[in-house]
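Engineer: Once you've had a glance at the structure underneath, I'll fire off some questions.
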Amino acid sequence: MSAYILRRLWQMLPTLMGVVLLVFLLFNWVGGDPAYILAGKMSNPEQIANIRAQLGVDQPYWVQLWIFVKQIVTFDFGASWSTGEAVSHVLATRLGPSLTVLVPLTILETLIAIGLALGVAYVRGSLTDRMVMIACTVGMSVSILVYIIVFQYWLAYKLGLFPVQGWGDNFAENLFHYSALPILIGLVVSIAPDLRLFRTFFLDEINQDYVRTARAKGLSEPTILWVHVLRNAAIPVVTHVMSNLPALLIGAFLIERFFSIPGIGREIILAVERSDFPVIKAITVYVAAATMLFNLLTDLLYKAIDPRVQLE
Amino acid sequence: MSKPTINAPARPSPGLWALAWRRLRSDRLAIAGLLIVACFLVTLLLSAAGLVARNWDAEVGVNYAPPTFVGAQSAEERGVEGMNAPEAAVPDNPRDPLAEVLRKLRAERGAGAAVAPPLDYYGIADPLAPEIAAIRAGEGKAAPAVALERRATLPFGADKWGHDIILKTIKGSETSILVGLTSALLATVLGTLFGAVAGYYGKWADDVFNWFYSVFTSVPYLLLILAVAAVLQQKGVLTIVLILGLTGWTGVFRLVRAEYMKHKAREYVQAADAIGASDLRKMFVHILPNISHIPFVQMSILTVGFIKSEVILSFLGFGVPVGVTSWGSMLNEAQNELILGKWWQLTAATTAMAVLVTSFSLFTDALRDALDPKLK
Amino acid sequence: MDPNTLLSVRDLSVSFRLDRRAKEPGFAAVKGISFDIPENTTVALVGESGSGKSVTSLSILGLLPAENATVQAGSQIIYGGRNLLELSNDELRRLRGRDISMIFQEPMSSLNPVFTVGHQIAEVLRLHMGMGQRQAQARVLELLAEVGIPDPLAKSRAHPFQLSGGQQQRVMIAMAIACNPRLLIADEPTTALDVTIQKQILELLAALQDKHRMSVLFITHDLAVVGEIADRVVVMRSGEIREQGTTEEVFQRPQDAYTRALLQCRPPLAHRPRRLAVIDDFMKPGGAPPATEDRPRGLNGGEPIILEVKQLGKSFFSRQGLFGRSEFKAVEGVSFKLARGKTLGVVGESGSGKTTVGLTLMRLHEATAGQALFEGRDILSMSRGEFKPYKRRIQIVFQNPYASLNPRFTVGQILTEPLLIHGLGGGDAGRGRLVRELLARVELPEASYHRYPHEFSGGQRQRIAIARCLTMKPDILICDESVSALDVSVQAQVLNLLQDLQDEFDLSYIFISHDLAVVKYMSDQVMVMNEGQVVEFANSDDIYLRPQHPYTRRLLAAVPSADHRIRAQPG
């Protein structure tokens, strides 16, 4: 087992280097000399010269790359070009709010989607099944922007059921008061695609031979679904949920932006709008690393739920 | 020796696509979806050719003109009171360098022009307009009616500047659909090519492409798009297409690669090897027709996804440049209009997009079922 | 109804809709059949593919897919005085696994991969017998021992994939007999197993049946197996019953032409007719197999040698631990000589390496050791470029007729392609003519040219595959289990075709199969392989009459034949 983990970590290095290279190429080569961006933000020429020296823009590329790598390893990217806040501080403080919305959202949406998908799988082929699927398709064709705009307008602004935006200092307050509508919107948007996907997983399993054996043993349909099929379908479901998580972090950016939740997603939008390279670079590299670690975690989890898997 | 019999029809037998089409034909929902998508495409072509919606940016309605079925509203109802009132619209800007000049001009002309100063693109009354009108009148030319004849209602209302919503929606579809289709095409072609090479040759080719794949998928998709958008300063449809296409190939790659690996071990490929077929021949003459349904279906799925992504990008301002309209920019404007109670732009953009995406999705689902080799 | 009758099928008709949306029933799989299963009897339901035997067995327990199968009104399945087809779902469920249980063909996929074996057996105990956890666990161990699984405690905690095919089937049987059913339905339970394992499973089933005094409905396509274990036989073809009666009646005094054909189409072990009888010989009026003399086979040492293989070896490597790799020797030290115009048979069970030998000679796998001298030159060590002209001279017919033809090519394209690649045929017209001649030679109608493979049956597809090989006029043809996937009647046709071609074109065959009777019939010499090595090599008659190696003897003993019954004939 530990040999496997070591080998995987070792294999991650080329990919991480690839991401670093990609980010570097994008921002240091294509992006070019940031002086013109900085000039609009800070009027102090010494400051600009300082940053340019830090980045080493007049140095050969491999020196710049080395500087970048050092920054990654030491978690020190300097300061944000627009707010002057230390980038590491930015990352550290924004993670919390993002997770406060995302974790409950993921748990709720997975459970609800599984339950609904099982229900739909039970009545597969019927009119209900088709209607639900069409409803999902229609629901998915409306942009998330519309859901946010309309829900925010109706439920928060007009009916006053939720706060229109904002964030507090108290965790409980954040979780139940400020996150409620964002989580609701997140649920509405993500249940439809997950329902469709999980339904496919369940139907694939229902057609397997072992289900026929279970019927031949005299088990009832609900038992077969909840015990046999679910246990097998859990494998692709878990894979899907786990591999989606890091993307969710960024995907919630719209919600964060509209509701002024100080999370990573909103930070990235602001950074892109302001061409704040250090923040963008840092977030990209660390999220990529997190994704790779998550994949490793997923594979280990795989072993726990699928006895056929041999980690070699 | 006896001859075995085959129950063979007299017509030439159908291939995969003909069979799929037959199955598809009987699915009414799929055909409806296809027809609707076709309508959108036809509208798109007409719009691109300039045959419809050419003057979408003409300000033909009053600001925030409501839809005809709602009925005209007075200026106060429309919340634009104060925008047309000539005097109030020209606040005295203490730092206005022209203030002195204006005061002198007005004094010279005496009672100001009875014509209401027109609003420019930004809805701001042009303080110099009466003077220019006067100058033009003085030049002896027939002063064109500077204030346009604006209608009180339009079929589906107007936006802040009085543009016809319907024309805007039509024109906007151009951007969204074109971006969606071309990026999907680019991503599918790349993904299929890479997947074929990686899946077929394996070993080092596979390693190289897998490395690319890992790098691109480690960075969450939207993050990658935003990062690239941040760096590329010039905006435009080509940029978006490139961004979406160059980052979106990973899904197709994974599927095509898996299929190539599976098919390469199949006996018909071994048989092709046995008769002496070359690698290229095996890859593209033998295997590709057997998996062609996958890139096809994936391209439809990607198109839908990219239309939605383009809308989001345009909304955020990273999409099309200012002079062009798209559904995303319409939604952007709509979010402020909603507070004012103007819901028509939001509804138009949402409905158009929802109808297109739903039809496309329904058609894609049916297509996937029809092409599914398992049914054989 | 005879008080001795356990289950009675009356006028059963089942039809399938091919398309989800079609309103009318598509095609009739079972057309009004009736038969009885008496108490304490093994009834064999025999038929080739498409006969409707599996559909019949599934309909007893109501396991047909509801979406596209319809049981027609008027059908009856009487058990315990009630018509099973009219029972509610709940009532049916009470019967399943308790009164009537079923085992299937593929044990690996029929077991749930994520639960332990013990859990799955205990499930049926808890459900029908209301046993608690401990009680069930104890009973599970008893059952595992009864079905002959060594070390029951350890195995009960294992997952299905950790067991061999034979052991998995034993687990399925344990699950099926756990509640002492009156009837066990076995749907081709041994078809997917090696012949030595098959024998063990058949013996196990016979022993269990005696001990528990239950009835067994045994579905199979293999008449020889029927002869070994069944008391009564029901022969089906295309959804109808052609004949039924006691085993003795059916085997010794078959009334129906089809039954007679089935009995005669298998290559007999005792002698070797020049041509095998085919179904059509019997189905025409006054039908009888053509009288033929025997065909002598065997080499006497003086024949010209076309291929000489020395110490052929092929290993597969996989990664192990952090840095190491492990070697799996699929083929090791295989040597033989192939004479021109003669057939070498290669026999072995799964995992013996016989298929790998064929693929390595074609250079579809690269050998890790050894030489293959063809006309004096070692074809294994040549570069790919040098080997190219030799490629057309050794060809292969694969096992799976459904996978070896490209589904997107028409037959014409499939047959023309080799000519294009090797530059044969001289022009489109010439190639077209050649292809049509070949189609005629393998007895396919000319209209096949424009058809797709999915429109043909398994036997016809193998003919197409053979025709494809013939386009290049090869010297050596490797038949890798080429008839194993075909029904008995079709098998005979294809074997006859192969023999005719060998006679006409002086082809040399390497005939690979697990089916000893077929190999003996087709081959001059036989090479027996086990776990990658050759254990015996002799003329085919000698192998069968005087087997030397213990493995060969075991193999021969396991071949099912009506001559040695496992169960005593009833009364």
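Starting from 1 in every chain, residues are counted up; chains themselves are A, B, ... following the order of the structure tokens, and ligands are numbered from 1 as listed.
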Pick out the chain C residues within 6 Å of chain B. Count only C-alpha atoms. Give them as number ranges by chain.

Structural biologist: C: 403-406, 418, 451

Engineer: Extract the full set of strand (DSSP E) residues from segment 90-210 of chain C according to DSSP on the backbone, and format it as number ranges by chain.

Structural biologist: C: 100-103, 183-187

Engineer: Could the residues in this selection be written to a file with C-alpha atoms, as a CSV table (one decimal), in the first residue's frame?

Structural biologist:
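Wrote it out as out_11.csv, contents follow:
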chain,number,residue,atom,x,y,z
C,100,ILE,CA,-37.5,-23.6,-7.3
C,101,SER,CA,-34.0,-22.3,-7.8
C,102,MET,CA,-31.8,-21.6,-10.8
C,103,ILE,CA,-28.1,-21.4,-11.7
C,183,LEU,CA,-36.6,-28.2,-8.6
C,184,LEU,CA,-33.2,-26.9,-9.7
C,185,ILE,CA,-33.0,-25.3,-13.1
C,186,ALA,CA,-29.5,-25.3,-14.5
C,187,ASP,CA,-29.1,-23.1,-17.6

Engineer: Residues of chain B within 9 Å of chain A, using only C-alpha atoms, as an MDAnalysis selection string?

Structural biologist: chainID B and resid 211:212 214:224 226:233 304 308 311:312 315:318 331:332 334:335 338:339 346 350:351 353:359 361:362

Engineer: Per residue of chain C within 10 Å of chain A, note the shortest atom pair and the distance in Å to one decimal, counting only C-alpha atoms, and order the rows by chain and increasing residue number, as JSON lines.

Structural biologist:
{"residue": "C:Arg20", "atom": "CA", "partner": "A:Gly125", "partner_atom": "CA", "distance": 9.3}
{"residue": "C:Leu58", "atom": "CA", "partner": "A:Ala216", "partner_atom": "CA", "distance": 9.4}
{"residue": "C:Leu61", "atom": "CA", "partner": "A:Ala216", "partner_atom": "CA", "distance": 7.2}
{"residue": "C:Gly62", "atom": "CA", "partner": "A:Ala216", "partner_atom": "CA", "distance": 8.8}
{"residue": "C:Leu63", "atom": "CA", "partner": "A:Arg212", "partner_atom": "CA", "distance": 7.2}
{"residue": "C:Leu64", "atom": "CA", "partner": "A:Arg212", "partner_atom": "CA", "distance": 9.3}
{"residue": "C:Pro65", "atom": "CA", "partner": "A:Arg212", "partner_atom": "CA", "distance": 9.5}
{"residue": "C:Glu67", "atom": "CA", "partner": "A:Gly125", "partner_atom": "CA", "distance": 8.1}
{"residue": "C:Asn89", "atom": "CA", "partner": "A:Ser220", "partner_atom": "CA", "distance": 8.8}
{"residue": "C:Asp90", "atom": "CA", "partner": "A:Ser220", "partner_atom": "CA", "distance": 8.0}
{"residue": "C:Glu91", "atom": "CA", "partner": "A:Gly218", "partner_atom": "CA", "distance": 9.7}
{"residue": "C:Leu92", "atom": "CA", "partner": "A:Gly218", "partner_atom": "CA", "distance": 7.8}
{"residue": "C:Arg93", "atom": "CA", "partner": "A:Gly218", "partner_atom": "CA", "distance": 4.4}
{"residue": "C:Arg94", "atom": "CA", "partner": "A:Gly218", "partner_atom": "CA", "distance": 6.2}
{"residue": "C:Leu95", "atom": "CA", "partner": "A:Gly218", "partner_atom": "CA", "distance": 7.1}
{"residue": "C:Arg96", "atom": "CA", "partner": "A:Gly218", "partner_atom": "CA", "distance": 4.6}
{"residue": "C:Gly97", "atom": "CA", "partner": "A:Lys217", "partner_atom": "CA", "distance": 4.1}
{"residue": "C:Arg98", "atom": "CA", "partner": "A:Lys217", "partner_atom": "CA", "distance": 7.6}
{"residue": "C:Ile100", "atom": "CA", "partner": "A:Ala216", "partner_atom": "CA", "distance": 8.7}
{"residue": "C:Ser101", "atom": "CA", "partner": "A:Ala216", "partner_atom": "CA", "distance": 6.5}
{"residue": "C:Met102", "atom": "CA", "partner": "A:Ala216", "partner_atom": "CA", "distance": 6.4}
{"residue": "C:Ile103", "atom": "CA", "partner": "A:Thr213", "partner_atom": "CA", "distance": 7.7}
{"residue": "C:Phe104", "atom": "CA", "partner": "A:Thr213", "partner_atom": "CA", "distance": 8.0}
{"residue": "C:Gln105", "atom": "CA", "partner": "A:Asp209", "partner_atom": "CA", "distance": 10.0}
{"residue": "C:Glu106", "atom": "CA", "partner": "A:Asp209", "partner_atom": "CA", "distance": 8.4}
{"residue": "C:Pro107", "atom": "CA", "partner": "A:Tyr210", "partner_atom": "CA", "distance": 9.0}
{"residue": "C:Met108", "atom": "CA", "partner": "A:Tyr210", "partner_atom": "CA", "distance": 8.8}
{"residue": "C:Ser109", "atom": "CA", "partner": "A:Asp209", "partner_atom": "CA", "distance": 5.6}
{"residue": "C:Ser110", "atom": "CA", "partner": "A:Tyr210", "partner_atom": "CA", "distance": 4.1}
{"residue": "C:Leu111", "atom": "CA", "partner": "A:Tyr210", "partner_atom": "CA", "distance": 5.0}
{"residue": "C:Asn112", "atom": "CA", "partner": "A:Tyr210", "partner_atom": "CA", "distance": 5.2}
{"residue": "C:Pro113", "atom": "CA", "partner": "A:Arg308", "partner_atom": "CA", "distance": 7.4}
{"residue": "C:Val114", "atom": "CA", "partner": "A:Pro307", "partner_atom": "CA", "distance": 6.0}
{"residue": "C:Phe115", "atom": "CA", "partner": "A:Pro307", "partner_atom": "CA", "distance": 8.4}
{"residue": "C:Thr116", "atom": "CA", "partner": "A:Pro307", "partner_atom": "CA", "distance": 9.3}
{"residue": "C:Gln120", "atom": "CA", "partner": "A:Ala214", "partner_atom": "CA", "distance": 9.0}
{"residue": "C:Ile121", "atom": "CA", "partner": "A:Lys217", "partner_atom": "CA", "distance": 9.7}
{"residue": "C:Glu123", "atom": "CA", "partner": "A:Lys217", "partner_atom": "CA", "distance": 8.7}
{"residue": "C:Val124", "atom": "CA", "partner": "A:Lys217", "partner_atom": "CA", "distance": 6.3}
{"residue": "C:Leu125", "atom": "CA", "partner": "A:Lys217", "partner_atom": "CA", "distance": 9.8}
{"residue": "C:Leu127", "atom": "CA", "partner": "A:Leu219", "partner_atom": "CA", "distance": 7.7}
{"residue": "C:His128", "atom": "CA", "partner": "A:Gly218", "partner_atom": "CA", "distance": 8.3}
{"residue": "C:Ala158", "atom": "CA", "partner": "A:Pro307", "partner_atom": "CA", "distance": 9.6}
{"residue": "C:His159", "atom": "CA", "partner": "A:Pro307", "partner_atom": "CA", "distance": 7.3}
{"residue": "C:Pro160", "atom": "CA", "partner": "A:Arg308", "partner_atom": "CA", "distance": 8.9}
{"residue": "C:Phe161", "atom": "CA", "partner": "A:Arg308", "partner_atom": "CA", "distance": 6.8}
{"residue": "C:Gln162", "atom": "CA", "partner": "A:Arg308", "partner_atom": "CA", "distance": 8.5}
{"residue": "C:Met172", "atom": "CA", "partner": "A:Thr213", "partner_atom": "CA", "distance": 9.1}
{"residue": "C:Met175", "atom": "CA", "partner": "A:Lys217", "partner_atom": "CA", "distance": 8.2}
{"residue": "C:Ala176", "atom": "CA", "partner": "A:Lys217", "partner_atom": "CA", "distance": 7.8}
{"residue": "C:Ser318", "atom": "CA", "partner": "A:Glu312", "partner_atom": "CA", "distance": 9.7}
{"residue": "C:Arg319", "atom": "CA", "partner": "A:Glu312", "partner_atom": "CA", "distance": 7.4}
{"residue": "C:Gln320", "atom": "CA", "partner": "A:Glu312", "partner_atom": "CA", "distance": 6.7}
{"residue": "C:Gly321", "atom": "CA", "partner": "A:Glu312", "partner_atom": "CA", "distance": 6.9}
{"residue": "C:Leu322", "atom": "CA", "partner": "A:Ala3", "partner_atom": "CA", "distance": 6.0}
{"residue": "C:Phe323", "atom": "CA", "partner": "A:Arg7", "partner_atom": "CA", "distance": 9.6}

Engineer: Can you tell me, as a ChimeraX atom specification, which residues in segment 141-368 of chain B count as helix (DSSP H, G or I) by DSSP?

Structural biologist: /B:165-201,203-218,221-231,237-247,250-264,267-274,279-291,293-316,327-339,344-368

Engineer: Atom CA of Ser98 of chain A and atom CA of Glu256 of chain A are how many Å apart?

Structural biologist: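 We find that atom CA of Ser98 of chain A and atom CA of Glu256 of chain A lie 8.0 Å from each other.
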
Engineer: Mind pulling up the distance from atom CA of Asn83 of chain C to atom CA of Arg10 of chain C?

Structural biologist: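 The value is 9.9 Å.
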
Engineer: Skipping near chain neighbours, those fewer than 2 positions away, what residues fall within 8 Å of segment 68-83 of chain A using only C-alpha atoms, listed as a ChimeraX atom specification?

Structural biologist: /A:20,24,38,41,55,64-66,85-88,274,276-279,282,285

Engineer: With only C-alpha atoms as the basis for distance, which of C:Asp524, C:Asp231, C:Glu308, C:Asp542 is at the shortest distance from Leu361 of chain C?

Structural biologist: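 Looking only at the distances to Leu361 of chain C, the closest residue turns out to be C:Glu308.
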
Engineer: What lies within 9 Å of segment 504-509 of chain C using only C-alpha atoms, ignoring chain neighbours under 3 positions off, as a list in words?

Structural biologist: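 Within the cut-off, the hits are Ile306, Leu338, Ala339, Arg340, Gly341, Lys342, Thr343, Leu344, Gly345, Lys473, Pro474, Asp475, Ile476, Leu477, Ile478, Cys479, Gln499, Asp500, Leu501 and Ser523 of chain C.
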
Engineer: For Ile264 of chain A, which of A:Thr100, A:Gln152, A:Thr223, A:Gln47 is the closest residue, counting only C-alpha atoms?

Structural biologist: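 For Ile264 of chain A, the nearest of the given residues is A:Thr100.
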
Engineer: Please report the interatomic distance between atom CA of Ala277 of chain C and atom CA of Asn496 of chain C in Å with one decimal.

Structural biologist: 8.9 Å
